[in-house]
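One file, protein-v4.txt, carrying compact mmCIF, C-alpha atoms:
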```
# COMPACT_ATOMS: atom_id res chain seq x y z
CA MET A 1 -88.97 25.17 -110.69
CA ARG A 2 -87.74 23.32 -107.60
CA ARG A 3 -88.60 19.95 -109.16
CA ARG A 4 -86.71 20.85 -112.34
CA ALA A 5 -83.63 21.94 -110.32
CA ALA A 6 -83.75 18.79 -108.21
CA GLY A 7 -83.99 16.64 -111.33
CA ALA A 8 -81.01 18.40 -112.88
CA LEU A 9 -78.98 17.88 -109.68
CA LEU A 10 -79.76 14.15 -109.56
CA GLY A 11 -78.83 13.82 -113.24
CA ALA A 12 -75.47 15.50 -112.61
CA VAL A 13 -74.73 13.20 -109.65
CA ALA A 14 -75.58 10.13 -111.74
CA LEU A 15 -73.34 11.36 -114.56
CA LEU A 16 -70.41 11.93 -112.19
CA ALA A 17 -70.87 8.49 -110.60
CA SER A 18 -70.94 6.73 -113.96
CA GLY A 19 -67.77 8.48 -115.06
CA CYS A 20 -65.65 7.74 -111.99
CA GLY A 21 -64.31 4.47 -113.44
CA ILE A 22 -65.46 2.31 -110.50
CA ARG A 23 -67.94 -0.44 -111.14
CA GLY A 24 -69.85 -2.39 -108.54
CA THR A 25 -69.21 -6.13 -108.24
CA SER A 26 -70.98 -9.00 -106.56
CA VAL A 27 -67.67 -10.89 -106.14
CA PRO A 28 -65.67 -10.33 -102.90
CA VAL A 29 -62.38 -8.61 -103.60
CA ASP A 30 -59.24 -9.32 -101.56
CA ALA A 31 -57.36 -6.03 -101.52
CA GLY A 32 -54.81 -7.27 -98.97
CA PRO A 33 -54.49 -6.25 -95.33
CA ALA A 34 -55.75 -2.87 -94.24
CA PRO A 35 -53.11 -0.17 -93.79
CA SER A 36 -51.56 -0.35 -90.34
CA ARG A 37 -49.82 2.20 -88.16
CA ALA A 38 -48.00 -0.52 -86.20
CA SER A 39 -44.31 0.28 -85.85
CA CYS A 40 -43.23 -3.37 -85.53
CA GLN A 41 -40.21 -2.10 -83.61
CA ALA A 42 -39.48 -4.82 -81.08
CA PRO A 43 -38.89 -3.42 -77.58
CA GLU A 44 -35.60 -4.32 -75.94
CA PRO A 45 -35.70 -6.41 -72.73
CA GLY A 46 -34.91 -4.67 -69.45
CA ARG A 47 -31.53 -4.83 -67.74
CA SER A 48 -32.79 -7.44 -65.27
CA ALA A 49 -33.83 -9.87 -68.01
CA GLU A 50 -31.14 -12.43 -67.16
CA GLY A 51 -30.10 -14.15 -63.95
CA ALA A 52 -31.33 -16.99 -61.70
CA GLY A 53 -31.73 -19.40 -64.60
CA ARG A 54 -33.24 -16.79 -66.94
CA VAL A 55 -31.75 -15.97 -70.33
CA THR A 56 -32.68 -13.71 -73.22
CA VAL A 57 -34.32 -15.60 -76.09
CA ARG A 58 -35.69 -14.62 -79.49
CA VAL A 59 -39.35 -15.40 -80.08
CA TYR A 60 -41.29 -14.81 -83.29
CA LEU A 61 -44.60 -12.94 -83.07
CA ILE A 62 -47.03 -11.60 -85.66
CA CYS A 63 -46.95 -7.99 -86.84
CA THR A 64 -48.77 -6.63 -89.91
CA SER A 65 -49.21 -10.05 -91.57
CA ARG A 66 -45.54 -10.98 -91.07
CA ILE A 67 -43.66 -12.68 -88.29
CA LEU A 68 -40.80 -10.83 -86.61
CA SER A 69 -38.60 -11.71 -83.66
CA VAL A 70 -38.68 -10.01 -80.27
CA SER A 71 -36.42 -10.45 -77.25
CA ARG A 72 -37.91 -12.15 -74.22
CA SER A 73 -36.57 -13.28 -70.86
CA ALA A 74 -37.22 -17.00 -70.31
CA ARG A 75 -36.38 -19.49 -67.57
CA LEU A 76 -34.74 -22.45 -69.26
CA THR A 77 -33.19 -24.33 -66.33
CA ASP A 78 -31.95 -23.89 -62.78
CA GLU A 79 -29.05 -26.24 -63.41
CA LYS A 80 -25.60 -25.31 -64.64
CA ALA A 81 -25.70 -27.92 -67.42
CA PRO A 82 -27.04 -26.78 -70.81
CA PRO A 83 -30.78 -27.44 -71.12
CA GLU A 84 -32.01 -30.32 -73.25
CA PRO A 85 -33.63 -29.40 -76.61
CA LEU A 86 -37.06 -30.44 -75.28
CA GLN A 87 -36.65 -28.09 -72.32
CA VAL A 88 -35.73 -25.29 -74.68
CA ALA A 89 -38.69 -26.07 -76.96
CA ARG A 90 -41.15 -26.04 -74.07
CA ALA A 91 -39.78 -22.82 -72.62
CA LEU A 92 -40.02 -21.13 -76.02
CA LEU A 93 -43.53 -22.49 -76.59
CA ASP A 94 -44.56 -20.98 -73.24
CA GLN A 95 -43.18 -17.64 -74.40
CA MET A 96 -45.12 -17.77 -77.68
CA GLN A 97 -48.30 -18.53 -75.74
CA GLU A 98 -47.81 -15.53 -73.46
CA PRO A 99 -49.88 -12.46 -74.38
CA PRO A 100 -47.70 -9.67 -75.79
CA SER A 101 -46.35 -7.23 -73.24
CA ARG A 102 -47.79 -3.74 -73.26
CA ALA A 103 -44.79 -2.45 -75.22
CA GLU A 104 -45.07 -5.29 -77.75
CA GLU A 105 -48.81 -4.74 -78.14
CA GLU A 106 -48.33 -1.01 -78.69
CA ALA A 107 -45.78 -1.85 -81.41
CA GLY A 108 -48.38 -4.03 -83.14
CA PHE A 109 -47.33 -7.54 -82.06
CA SER A 110 -49.68 -10.46 -81.39
CA THR A 111 -49.48 -14.26 -81.21
CA ALA A 112 -51.46 -17.06 -82.86
CA VAL A 113 -50.03 -19.86 -80.68
CA GLU A 114 -52.89 -20.94 -78.46
CA ASP A 115 -52.69 -22.35 -74.92
CA TRP A 116 -53.78 -25.86 -75.92
CA VAL A 117 -50.67 -26.47 -78.03
CA ARG A 118 -48.33 -28.96 -76.32
CA ILE A 119 -45.02 -30.49 -77.35
CA SER A 120 -43.15 -33.67 -76.49
CA GLY A 121 -39.86 -35.31 -77.43
CA PRO A 122 -39.17 -37.96 -80.05
CA ALA A 123 -41.25 -41.14 -79.99
CA LYS A 124 -39.70 -44.59 -80.27
CA GLY A 125 -38.11 -44.90 -83.69
CA ASP A 126 -38.00 -41.13 -84.31
CA PRO A 127 -34.66 -39.50 -85.15
CA ASP A 128 -32.93 -37.53 -82.40
CA GLY A 129 -34.17 -33.97 -82.24
CA ALA A 130 -37.66 -34.72 -83.56
CA LEU A 131 -40.54 -33.13 -81.70
CA ARG A 132 -44.18 -34.21 -81.55
CA LEU A 133 -47.08 -31.79 -81.16
CA ASN A 134 -50.45 -32.76 -79.68
CA ARG A 135 -51.98 -32.00 -83.10
CA LEU A 136 -50.68 -32.49 -86.61
CA PRO A 137 -48.56 -29.45 -87.54
CA GLU A 138 -50.81 -28.72 -90.53
CA GLU A 139 -53.83 -28.56 -88.20
CA LEU A 140 -52.39 -25.51 -86.45
CA GLN A 141 -53.12 -22.01 -87.68
CA SER A 142 -50.55 -21.26 -90.36
CA TYR A 143 -49.27 -18.21 -88.49
CA ALA A 144 -48.87 -20.28 -85.31
CA LEU A 145 -46.86 -22.94 -87.13
CA ALA A 146 -44.66 -20.27 -88.72
CA GLN A 147 -44.01 -18.76 -85.28
CA ILE A 148 -43.03 -22.15 -83.85
CA VAL A 149 -40.79 -23.12 -86.77
CA CYS A 150 -38.93 -19.81 -86.90
CA THR A 151 -38.53 -19.56 -83.12
CA PHE A 152 -37.13 -23.10 -82.86
CA ALA A 153 -34.94 -22.74 -85.96
CA GLU A 154 -32.52 -20.38 -84.20
CA THR A 155 -31.92 -22.69 -81.21
CA THR A 156 -30.54 -26.12 -80.28
CA VAL A 157 -33.99 -27.52 -81.07
CA ALA A 158 -33.10 -27.36 -84.79
CA ASP A 159 -30.50 -29.37 -86.68
CA SER A 160 -27.19 -28.00 -87.96
CA ARG A 161 -28.97 -26.51 -90.98
CA HIS A 162 -31.56 -24.76 -88.80
CA ARG A 163 -34.35 -27.13 -89.80
CA VAL A 164 -37.05 -28.26 -87.37
CA VAL A 165 -38.56 -31.76 -87.43
CA LEU A 166 -42.18 -31.89 -86.25
CA GLY A 167 -44.93 -34.48 -86.23
CA GLY A 168 -48.34 -35.18 -84.75
CA PRO A 169 -49.04 -37.14 -81.54
CA ASP A 170 -49.45 -40.61 -83.08
CA ALA A 171 -46.02 -41.96 -83.99
CA GLY A 172 -47.54 -44.89 -85.87
CA ARG A 173 -49.78 -42.76 -88.05
CA ASP A 174 -48.44 -39.19 -88.13
CA PRO A 175 -45.32 -38.83 -90.30
CA LEU A 176 -42.55 -36.46 -89.35
CA LYS A 177 -41.92 -33.42 -91.54
CA ARG A 178 -38.96 -31.08 -91.78
CA TYR A 179 -39.60 -27.33 -91.76
CA GLU A 180 -37.29 -24.43 -92.60
CA CYS A 181 -37.70 -20.81 -91.55
CA THR A 182 -37.12 -19.01 -94.82
CA GLY A 183 -37.41 -15.33 -95.60
CA GLU A 184 -40.49 -16.19 -97.62
CA MET A 185 -42.11 -17.81 -94.60
CA ARG A 186 -41.35 -14.80 -92.42
CA ARG A 187 -42.93 -12.48 -95.00
CA HIS A 188 -45.81 -14.83 -95.85
CA PRO A 189 -46.51 -17.05 -92.81
CA GLU A 190 -49.57 -18.51 -94.54
CA ILE A 191 -47.27 -20.88 -96.48
CA ALA A 192 -46.11 -22.66 -93.31
CA VAL A 193 -48.74 -25.42 -93.31
CA THR A 194 -47.76 -26.60 -96.79
CA SER A 195 -44.00 -26.17 -96.43
CA GLY A 196 -43.16 -29.38 -94.56
CA VAL A 197 -41.05 -32.02 -96.29
CA LEU A 198 -41.50 -35.68 -95.28
CA VAL A 199 -38.58 -37.12 -93.34
CA SER A 200 -37.44 -40.25 -95.16
```
Can you give me the file's structure in the form of C-alpha cells?
Amino acid sequence: MRRRAAGALLGAVALLASGCGIRGTSVPVDAGPAPSRASCQAPEPGRSAEGAGRVTVRVYLICTSRILSVSRSARLTDEKAPPEPLQVARALLDQMQEPPSRAEEEAGFSTAVEDWVRISGPAKGDPDGALRLNRLPEELQSYALAQIVCTFAETTVADSRHRVVLGGPDAGRDPLKRYECTGEMRRHPEIAVTSGVLVS
C-alpha cells in the first residue's frame, strides 16, 4: 500500500514538473544583472569639502551596471592660477582610484579604475589637450574607460564639445582616439572600448 502511494506521489510530481512550461537547457543563459537593492543615491560632500586648494569635483563611479556621478573633494592645486588640464586629469584619476567612501559603498557605488592606470600629457606631435595612458584605452576594463571618459568630459580636460582625446603610451605606434560621454555610454558602459573615433 505504501509503495503504491509513493509511486502515485512521484507520478504526480513528475506530471506537475512537466507541465510548468520550463525546460532545462545545456546552453548558458544571460538573464541580465541580478536584482539589486542599491539606492544609487550619491551622498553629498560635507561642508568642509572645499578650502586650502580643495574643490568639489564630479567623478563617475559604477552602480548597478551603470555609471553615475558623485561629488568628491579633490586637491587640484595650491596655486591661485587655474590648474593645467593634466593636473586636473591626474587629480580626477586619483579620485576614481580611491575606494568608495562608506556612504558611497552603502549606496551601491564601486570603481573599476585600478591603481596601475597612469596618465600623461600630449606627446610630441599630438594635438593640444590629448592625453596618453600607460596602456591602450581599449585594453582597460570597459567600465573603467567609461568612468574616465565621462569624468574628464565635464572638465577642462575635454574640448569645447566635451570630447576626450586618449591614446596609449607609444606615440609612434598608438593612435589617438576621441571619446564622447553619451547617455548610451552612461547606461551601457560596456560600449566604451569600441566607441573611440580615430583622430585624423
Rounded to one decimal place, report the CA of Ile191 (chain A)-CA of Val117 (chain A) distance in Å.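 Between CA of Ile191 (chain A) and CA of Val117 (chain A) the gap is 19.6 Å.
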Quick one: which region 51-92 of chain A residues come within 9 Å of region 154-159 of chain A, and what is the nearest atom pair for each with the distance in Å to one decimal, counting only C-alpha atoms, rows ordered by chain and ascending number, as a tab-separated table?
```
residue	atom	partner	partner_atom	distance
A:Arg58	CA	A:Glu154	CA	8.1
A:Glu84	CA	A:Thr156	CA	8.3
A:Pro85	CA	A:Val157	CA	4.9
A:Leu86	CA	A:Val157	CA	7.2
A:Val88	CA	A:Val157	CA	7.0
A:Ala89	CA	A:Val157	CA	6.4
```
Quick one: write out the picked residues with C-alpha atoms as a PDB file, in the coordinates of the input?
```pdb
ATOM      1  CA  ARG A  58     -35.690 -14.620 -79.490  1.00  0.00           C
ATOM      2  CA  GLU A  84     -32.010 -30.320 -73.250  1.00  0.00           C
ATOM      3  CA  PRO A  85     -33.630 -29.400 -76.610  1.00  0.00           C
ATOM      4  CA  LEU A  86     -37.060 -30.440 -75.280  1.00  0.00           C
ATOM      5  CA  VAL A  88     -35.730 -25.290 -74.680  1.00  0.00           C
ATOM      6  CA  ALA A  89     -38.690 -26.070 -76.960  1.00  0.00           C
TER       7      ALA A  89
END
```
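Here CA of Cys40 (chain A) and CA of Arg66 (chain A) stand 9.7 Å from one another.
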Under the rule that all atoms listed in the file are counted, which of A:Arg118, A:Arg72, A:Arg178, A:His188 is the nearest residue to Pro100 (chain A)? A:Arg72
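If you measure from each of A:Pro127, A:Gly183, A:Gly196, A:Gly121 to Leu145 (chain A) using only C-alpha atoms, the closest one turns out to be A:Gly196.
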Grab the CA of Gln141 (chain A) to CA of Thr111 (chain A) distance for me, in Å with one decimal place.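 Distance between the two atoms: 10.7 Å.
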Kindly indicate which residue among A:Ser160, A:Cys150, A:Phe109, A:Asp174 lies nearest to Arg135 (chain A), using all atoms listed in the file for the distances.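 Using all atoms listed in the file, Arg135 (chain A) sits closest to A:Asp174.
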Between A:Pro82, A:Gly108, A:Gly167, A:Gly172, single out the one closest to Val199 (chain A), counting all atoms listed in the file. A:Gly167
Please provide the set of residues having any atom within 8 Å of Ala192 (chain A), restricted to only C-alpha atoms, with same-chain residues fewer than 2 positions apart removed, written as a PyMOL selection string. chain A and resi 142-143+145-146+185+189-190+194-196
Do you know which residues are at most 10 Å from Asp126 (chain A) counting only C-alpha atoms, after dropping those on the same chain fewer than 2 positions away, and could you put them as a PyMOL selection string? chain A and resi 121-124+128-132+165+167+171+175-176+199
Could you write out that same residue set with C-alpha atoms as a compact mmCIF listing (two decimals), in the frame of the given file?
```txt
# COMPACT_ATOMS: atom_id res chain seq x y z
CA GLY A 121 -39.86 -35.31 -77.43
CA PRO A 122 -39.17 -37.96 -80.05
CA ALA A 123 -41.25 -41.14 -79.99
CA LYS A 124 -39.70 -44.59 -80.27
CA ASP A 128 -32.93 -37.53 -82.40
CA GLY A 129 -34.17 -33.97 -82.24
CA ALA A 130 -37.66 -34.72 -83.56
CA LEU A 131 -40.54 -33.13 -81.70
CA ARG A 132 -44.18 -34.21 -81.55
CA VAL A 165 -38.56 -31.76 -87.43
CA GLY A 167 -44.93 -34.48 -86.23
CA ALA A 171 -46.02 -41.96 -83.99
CA PRO A 175 -45.32 -38.83 -90.30
CA LEU A 176 -42.55 -36.46 -89.35
CA VAL A 199 -38.58 -37.12 -93.34
```
Given all atoms listed in the file as the counted atoms, nearest of A:Ala91, A:Ala38, A:Val113, A:Ala74 to Val57 (chain A): A:Ala74
List as a PyMOL selection string the protein and nucleic acid residues near Gln41 (chain A), meaning an atom at most 10 Å away when all atoms listed in the file are counted, but skip any in the same chain fewer than 4 places from it. chain A and resi 63+68-70+103-104+106-109
